[in-house]
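Below is one structure; the comments refer to it alone.
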Amino acid sequence: MSRPEHLAPPEIFYNSEEARKYTQNSRMIDIQVQMCERAIELLVLPEDTSCFLLDIGCGSGLSGSVLEDQGHVWVGMDISSAMLDVALEREVEGDLVLSDMGQGCPFRAGSFDGAVSISALQWLCNADKKSHRPVKRLYTFFSTLYAALSRSARAVFQFYPENSDQMELVTAQAMKAGFYGGIVVDYPNSTKAKKFFLVLMTGGSMPLPKALGTGEESSQTGHVTYTSKREKLKKARGKPLKKSREWILEKKERRRRQGKDTRDDSKYTGHVKSEFYEYLIGKHIVIIVHYDIDALCTYRILQTLIKYDRIQYTLIPVRGVAELKAAYAENYEQVKCFVLINCGGTIDLVEEFDPPEDLVFFVLDSHRPTDVCNVYSNGQIRLLWTQEDDQNVPEFDDIFRDDEENLEEEGSQHVSDEEQDEEEGRVAKRRRLGEQEIVQRRERKQWESARDKLMFEYSQYSYYAKASAITLFELAHVLAKDNREMLWLAILALTEQMLLGKIESSQYTLLAGNLQLDVDRITKKMNSNDVVSSLKITTEQDLKCTLYRHWTVDNSLMYSLHTTCKLKLWSRRGERRLQELLAEMGLPLAQSKQKFCAMDLVYRQEFHNSLEKCGKNYGLDDMVYPSFTVQYNYRNKFSASDMVFVILALLEQAPRSRQPDVCFGDALDCLSKSCPPELINTGLDRAKVMFESCFKLMKAALDQRKIYSAGPFLYFIVHESFPDWYLFSHPHVLLILARYIQEGYCERYRTRNSASMPMLVSSPYSQEEESCILVGLPPLCENSPKNFFGKAFEQAAERTNATCSLDYFDSSYIQLRAADRTRFLDTLTSLLS
C-alpha cells in the first residue's frame with residue numbers, strides 16, 4: 001500500500017473529503033489519542049501545571065483535545081486548510097495557524113513550554129516541488145522550532161520513517177539546529193505496535209526515556225512510566241474508586257453500623273465528575289433537550305465537553321411530556337443511557353416509562369419541585385444537582401413506609417369483609433378486627449394525613465432553580481475544560497431566567513456576581529498564557545431598555561416593559577412624559593428616531609449616564625442592573641439580554657409554516673461563535689415585532705378595559721380578532737405578554753389593590769383543534785416567582801372534566817379546548833375563593 005506522502009502533497013491529499021473521513025474514523029481517533037498521550041509523557045512536563053504547547057501538524061485538532069484534557073493550552077499549525085476547517089467546525093479551544101512547517105515556525109523566541117507532533121514529520125522528507133530540498137526544509141524547521149521553545153523545553157515527534165536513512169537525515173538536522181536527544185522506539189520487536197518517537201531537548205544532553213515493550217522499563221527508575229487507562233482500571237478492581245457512588249454507599253453503611261446519624265440514600269449520592277461525565281465515556285447516549293434557552297445553552301456546553309471523549313449521541317428536542325415519551329419509546333431498546341436537559345425532573349420517570357433495570361436517566365432540570373420518586377430512586381434516576389438546590393424535600397420515612405404493601409393487602413381483605421359488615425353489628429366488627437389492628441389502622445390514617453400535608457406543602461408551588469447551564473459550566477471547571485464560550489452560555493441562561501421573571505432579582509444578583517468572578521478568572525488565565533481569543537466578554541451595568549443598541553432610542557423606550565409601564569406610555573400623557581424625558585436628557589428628537597448606532601458619537605456616549613440620571617425624576621429609579629456583553633472579533637457588540645431576545649425570537653417567533661425542529665436548529669446555530677450575521681439580524685427583526693405586538697395588545701386591553709376580575713384573580717383573553725394572535729400561542733412569548741398585561745394593569749389601577757391579584761392570560765393555540773393555552777402569574781406584590789397555578793390548574797381540570805392537556809414541564813401552563821375555557825375559569829374561581 002502506497003504511503004500518503006507519495007501520493008500527493010499534504011495540502012492536496014488532505015482535502016475536505018479526506019479530512020472529514022480522517023476525523024470521523026474511530027480507529028484513527030484512538031491511535032491519535034494513544035500516540036499523543038505517549039508524547040506528552042515523553043515531554044516530562046511539570047506535574048499539576050498548565051503549560052503552553054505547540055501542536056505541529058495539528059490537523060483537525062484530535063491531538064489538541066488530548067492536550068486540553070490534561071489541562072494544557074495549545075496552538076496548532078498545519079498546512080491543510082481543509083483540516084483546519086474541520087477543527088473550526090469542532091470548535092477546538094486551541095488557536096490555529098495555517099502554515100507550512102518546512103518554511104519554519106512563525107512564533108517569537110521562547111514562546112512554548114514544549115511541542116508535540118503526531119504523524120507529520122515524515123512529510124518533510126519528501127520533495128513535493130522543484131524548489132523543495134528536504135535537508136534545507138528540515139533544518140529551517142528545526143532551527144526555528146529551537147528558537148520558539150523555552151530553554152529546558154522538549155519536543156516529541158511521533159512519525160513513520162520510511163527507512164533508516166530517513167531517521168538519520170531527520171536526527172542529523174535536529175542536532176545541527178542545536179537540539180539534543182534521539183529516537184525512542186516503543187515495542188521494537190512488534191510489527192504492528194512498533195512506534196518511533198523523536199525526542200528532542202533544548203537544555204543540554206540528558207538520558208533518553210526508556211522505550212516501552214523492551215522488558216526493561218519496569219525495572220528502571222528515574223524515567224517516564226506509561227500507564228494506560230485500562231491498566232489503571234485493572235489496578236482499581238476489587239476496591240471502589242474514591243468519591244464514586246459505591247465508595248460513598250460503603251462509607252454511609254459503615255457509619256450506620258457505627259450508630260452515627262446518616263442521611264438516606266438518594267439521587268444526590270455520588271460525584272458529578274465520576275458518576276456522570278466519566279460514566280458517559282465510550283457510550284452511545286440520547287440527549288433530550290427542552291425548547292428553552294437554558295436547555296439550549298446546557299446542551300452546547302455538554303456537546304463541547306463530550307466531543308473529545310468518543311461519546312456518540314443522538315439529539316432530540318421536545319416541547320412536552322408527550323414528546324418526551326415518544327422519544328424514549330423510539331430509543332430505549334438501542335440505547336441504555338438518556339440525558340434529560342430541563343425535562344423529566346418533575347415527573348415520576350420510572351412510573352411513566354417502566355424502564356429496564358440496566359437503563360439510566362441523568363436529569364439536569366431547573367424546573368421545581370422535583371418529583372420525590374426521582375429524589376429517592378434506586379440508582380436509575382440520577383439528578384445532577386446538589387441537595388441545596390431543592391427546597392424542603394420531605395424525608396424518606398415521612399412519605400414512604402416499608403409496611404405499605406402489607407397494609408394495602410390487609411386493606412383489600414377488609415374491603416371484602418365490609419360486605420359482611422353490613423350484616424354484622426358494630427360491636428361484632430370491633431371484636432373481629434381486634435384492638436391491635438384498629439390501632440394500626442388509626443396510625444396509618446394519621447400517617448397518611450401527615451404525608452398528604454407534607455406533599456401538598458412541597459408541591460403546591462412551582463418555581464425555577466439555578467440555571468442548568470451554570471451547573472454544567474461548574475462541571476466543566478472541575479474538569480479544567482471551561483473556557484469563554486462555555487461561560488458566555490452560562491451567562492445567557494442566567495439572563496434568560498432574569499428577563500422572564502423565573503428567579504428573584506436577589507438570586508440573579510448573587511449568581512451574576514459569581515459569573516463576574518469567572519470572567520475575571522478566565523481572562524486572567526488566558527492573558528497569562530498569551531492566548532488571543534476571538535471572543536471577548538466584559539461586565540457592565542446595562543440599561544433596562546430592550547435592544548436599544550440595535551433599535552432607535554424612541555422605539556426602545558416605548559416598547560420596553562420597564563419604561564412603558566413606569567411612564568404609562570399607552571396614554572397621551574405618557575407619550576408627553578417620554579418627550580420631556582428625552583428633552584431633559586438633551587437628546588434631540590431627530591437623534592432619538594434614528595438607529596442608536598447611527599446617532600452622533602457624543603449622544604451615544606452620554607446616553608447611558610443621562611438616562612440613569614434623568615430617569616429618576618420620572619420614576620425610573622432602577623434603570624440599571626449588572627450584566628455582560630460579548631464581542632466576536634470586530635463584529636457588533638451584543639449584550640446578554642440582546643442575545644436572549646434574539647434566540648427567543650428565533651425559537652418561537654418564526655412564521656407558522658416553519659417547523660419547530662427547524663426553529664430549534666436556528667436557535668442552536670445562534671449560540672455558535674460562527675453564527676452568520678444574517679441569522680442574528682433575522683432574530684433582531686422578529687424580536688422587535690414581538691415587543692411591538694406585546695405593547696399594542698397591552699394598550700388595547702387597557703384602553704378597552706378587557707382585563708377582568710374573577711374575584712381571586714385577574715384574567716385577559718387574546719381573541720383571534722387580534723391581527724398577530726398566533727405570536728402568543730408559544731409559551732415564552734405568552735409569558736412576556738402576561739407580564740406586560742399584569743404590570744401595565746397594576747400601574748394604571750394602583751388604588752384597586754391590583755398588585756395583590758394573580759394574573760391569568762389565555763391565547764388561541766390551534767385553530768384546527770379549537771384549543772387555547774393559559775399561563776398564570778403570581779401576584780406582583782409578592783416579588784417572588786413561586787407560582788401556585790400548577791396545582792390549581794390540576795384540581796380545576798379534575799373537577800370540570802374538561803378536555804385539557806397538562807403536557808408542559810412548567811405546570812403554570814395548561815392547554816384546553818376553547819369551548820371549555822369559561823367553565824374552567826368558573827371552577828378555578830371557586831377553588832381559589
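By order in the C-alpha cells, chains are A, B, ...; within a chain, residues start at 1; ligands start at 1, following the order shown.
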Just list the residues in region 303-408 of chain A DSSP gives helix (DSSP H, G or I) on the backbone, as a compact mmCIF listing (two decimals) with N, CA and C atoms, in the first residue's frame.
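Saved to part.txt:
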# COMPACT_ATOMS: atom_id res chain seq x y z
N GLN A 303 -22.15 19.38 24.69
CA GLN A 303 -21.62 18.98 23.39
C GLN A 303 -20.12 19.26 23.30
N THR A 304 -19.70 20.41 23.82
CA THR A 304 -18.28 20.76 23.81
C THR A 304 -17.48 19.82 24.70
N LEU A 305 -18.05 19.42 25.83
CA LEU A 305 -17.33 18.54 26.75
C LEU A 305 -17.14 17.14 26.19
N ILE A 306 -18.18 16.59 25.57
CA ILE A 306 -18.14 15.18 25.19
C ILE A 306 -17.52 14.92 23.83
N VAL A 321 -44.36 16.59 27.76
CA VAL A 321 -44.27 15.22 28.27
C VAL A 321 -44.56 14.21 27.17
N ALA A 322 -45.55 14.49 26.32
CA ALA A 322 -45.90 13.54 25.26
C ALA A 322 -44.73 13.30 24.30
N GLU A 323 -44.03 14.37 23.92
CA GLU A 323 -42.88 14.20 23.03
C GLU A 323 -41.72 13.51 23.75
N LEU A 324 -41.59 13.73 25.05
CA LEU A 324 -40.56 13.03 25.82
C LEU A 324 -40.84 11.52 25.82
N LYS A 325 -42.10 11.15 26.02
CA LYS A 325 -42.46 9.73 25.99
C LYS A 325 -42.19 9.12 24.62
N ALA A 326 -42.51 9.85 23.57
CA ALA A 326 -42.27 9.34 22.22
C ALA A 326 -40.78 9.16 21.95
N ALA A 327 -39.97 10.11 22.40
CA ALA A 327 -38.51 10.00 22.20
C ALA A 327 -37.95 8.79 22.94
N TYR A 328 -38.45 8.56 24.15
CA TYR A 328 -37.99 7.39 24.92
C TYR A 328 -38.41 6.10 24.23
N ALA A 329 -39.66 6.01 23.79
CA ALA A 329 -40.16 4.79 23.17
C ALA A 329 -39.39 4.42 21.91
N GLU A 330 -38.90 5.43 21.18
CA GLU A 330 -38.18 5.17 19.94
C GLU A 330 -36.74 4.72 20.16
N ASN A 331 -36.18 4.95 21.34
CA ASN A 331 -34.74 4.74 21.52
C ASN A 331 -34.35 3.81 22.67
N LEU A 349 -40.30 9.36 36.49
CA LEU A 349 -39.81 8.74 35.26
C LEU A 349 -39.99 7.23 35.26
N VAL A 350 -39.76 6.60 36.40
CA VAL A 350 -39.92 5.14 36.46
C VAL A 350 -41.38 4.76 36.26
N GLU A 351 -42.28 5.51 36.86
CA GLU A 351 -43.71 5.22 36.71
C GLU A 351 -44.17 5.47 35.27
N GLU A 352 -43.67 6.54 34.64
CA GLU A 352 -44.10 6.89 33.29
C GLU A 352 -43.56 5.93 32.24
N PHE A 353 -42.30 5.50 32.40
CA PHE A 353 -41.62 4.76 31.33
C PHE A 353 -41.44 3.27 31.62
N VAL A 372 -40.63 13.46 44.06
CA VAL A 372 -39.95 12.78 45.16
C VAL A 372 -39.54 11.37 44.79
N CYS A 373 -40.25 10.73 43.84
CA CYS A 373 -39.84 9.39 43.41
C CYS A 373 -38.51 9.44 42.66
N ASN A 374 -38.23 10.55 41.98
CA ASN A 374 -36.91 10.72 41.37
C ASN A 374 -35.85 11.00 42.42
N VAL A 375 -36.25 11.71 43.47
CA VAL A 375 -35.31 12.03 44.54
C VAL A 375 -34.79 10.76 45.20
N GLN A 387 -28.28 18.81 46.92
CA GLN A 387 -29.49 18.82 47.72
C GLN A 387 -29.92 20.24 48.07
N GLU A 388 -28.95 21.17 48.14
CA GLU A 388 -29.28 22.56 48.48
C GLU A 388 -30.13 23.22 47.38
N ASP A 389 -30.08 22.67 46.15
CA ASP A 389 -30.85 23.26 45.06
C ASP A 389 -32.33 22.87 45.11
N PHE A 396 -37.46 10.65 53.63
CA PHE A 396 -37.95 9.39 53.05
C PHE A 396 -38.99 8.73 53.94
N ASP A 397 -38.72 8.62 55.24
CA ASP A 397 -39.63 7.92 56.15
C ASP A 397 -40.96 8.65 56.32
N ASP A 398 -40.99 9.95 55.99
CA ASP A 398 -42.23 10.71 56.15
C ASP A 398 -43.21 10.51 54.99
N ILE A 399 -42.72 9.98 53.87
CA ILE A 399 -43.61 9.82 52.71
C ILE A 399 -43.65 8.39 52.17
N GLU A 404 -46.14 -0.57 53.76
CA GLU A 404 -47.26 -0.05 52.96
C GLU A 404 -47.92 -1.14 52.14
N GLU A 405 -47.09 -2.05 51.55
CA GLU A 405 -47.67 -3.11 50.74
C GLU A 405 -48.49 -4.06 51.59
N ASN A 406 -47.96 -4.41 52.79
CA ASN A 406 -48.71 -5.31 53.66
C ASN A 406 -50.04 -4.69 54.06
N LEU A 407 -49.99 -3.39 54.36
CA LEU A 407 -51.22 -2.72 54.77
C LEU A 407 -52.22 -2.66 53.63
N GLU A 408 -51.70 -2.51 52.38
CA GLU A 408 -52.61 -2.49 51.25
C GLU A 408 -53.29 -3.85 51.08
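Near Leu454 (chain A), within a cut-off of 7 Å and counting only C-alpha atoms, sit the residues Pro394, Ala450 and Tyr458 of chain A, with same-chain residues fewer than 4 positions away left out.
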Pairwise distance for CA of Cys614 (chain A) and CA of Thr509 (chain A), rounded to one decimal in Å: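 That distance, rounded to one decimal, is 24.2 Å.
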Which neighbours of region 104-111 of chain A fall inside 12 Å, counting only C-alpha atoms, when residues of the same chain fewer than 3 positions from it are skipped, and could you give them as an mmCIF file with C-alpha atoms, in the first residue's frame?
data_model
loop_
_atom_site.group_PDB
_atom_site.id
_atom_site.type_symbol
_atom_site.label_atom_id
_atom_site.label_comp_id
_atom_site.auth_asym_id
_atom_site.auth_seq_id
_atom_site.Cartn_x
_atom_site.Cartn_y
_atom_site.Cartn_z
ATOM 1 C CA CYS A 51 1.795 24.502 30.019
ATOM 2 C CA PHE A 52 1.704 26.362 26.710
ATOM 3 C CA LEU A 53 2.353 23.792 23.958
ATOM 4 C CA LEU A 54 2.743 23.794 20.184
ATOM 5 C CA ASP A 55 0.970 21.072 18.166
ATOM 6 C CA ILE A 56 2.824 20.693 14.853
ATOM 7 C CA GLY A 57 0.666 19.207 12.125
ATOM 8 C CA TRP A 74 -2.087 24.879 22.891
ATOM 9 C CA VAL A 75 -1.579 26.444 19.478
ATOM 10 C CA GLY A 76 -1.772 24.284 16.369
ATOM 11 C CA MET A 77 -0.170 24.725 12.966
ATOM 12 C CA ASP A 78 -0.969 22.757 9.808
ATOM 13 C CA ILE A 79 -0.569 23.136 6.055
ATOM 14 C CA VAL A 97 -2.302 28.743 12.217
ATOM 15 C CA LEU A 98 -2.222 27.835 8.516
ATOM 16 C CA SER A 99 1.494 27.318 7.915
ATOM 17 C CA ASP A 100 3.998 25.052 6.155
ATOM 18 C CA MET A 101 6.419 23.756 8.799
ATOM 19 C CA GLY A 114 7.042 22.164 24.719
ATOM 20 C CA ALA A 115 5.951 20.813 21.352
ATOM 21 C CA LEU A 124 9.252 16.923 5.289
ATOM 22 C CA LYS A 136 17.141 22.566 3.885
ATOM 23 C CA ARG A 137 13.472 22.378 4.878
ATOM 24 C CA LEU A 138 14.244 20.125 7.839
ATOM 25 C CA TYR A 139 16.996 22.434 9.083
ATOM 26 C CA THR A 140 14.802 25.535 8.668
ATOM 27 C CA PHE A 141 12.046 23.840 10.632
ATOM 28 C CA PHE A 142 14.215 22.575 13.487
ATOM 29 C CA SER A 143 16.209 25.801 13.852
ATOM 30 C CA THR A 144 13.077 27.981 14.083
ATOM 31 C CA LEU A 145 11.434 25.470 16.445
ATOM 32 C CA TYR A 146 14.525 25.539 18.660
ATOM 33 C CA ALA A 147 14.192 29.333 18.895
ATOM 34 C CA ALA A 148 10.442 29.175 19.647
ATOM 35 C CA LEU A 149 10.939 26.824 22.623
ATOM 36 C CA SER A 150 11.938 27.950 26.078
ATOM 37 C CA ARG A 151 15.152 26.594 27.486
ATOM 38 C CA SER A 152 14.800 23.187 29.187
ATOM 39 C CA ALA A 153 11.763 22.501 26.957
ATOM 40 C CA THR A 202 16.969 22.167 24.413
ATOM 41 C CA ASN A 529 -0.640 32.347 28.754
ATOM 42 C CA ASP A 530 -0.575 34.980 25.981
ATOM 43 C CA VAL A 531 -3.589 33.345 24.341
#
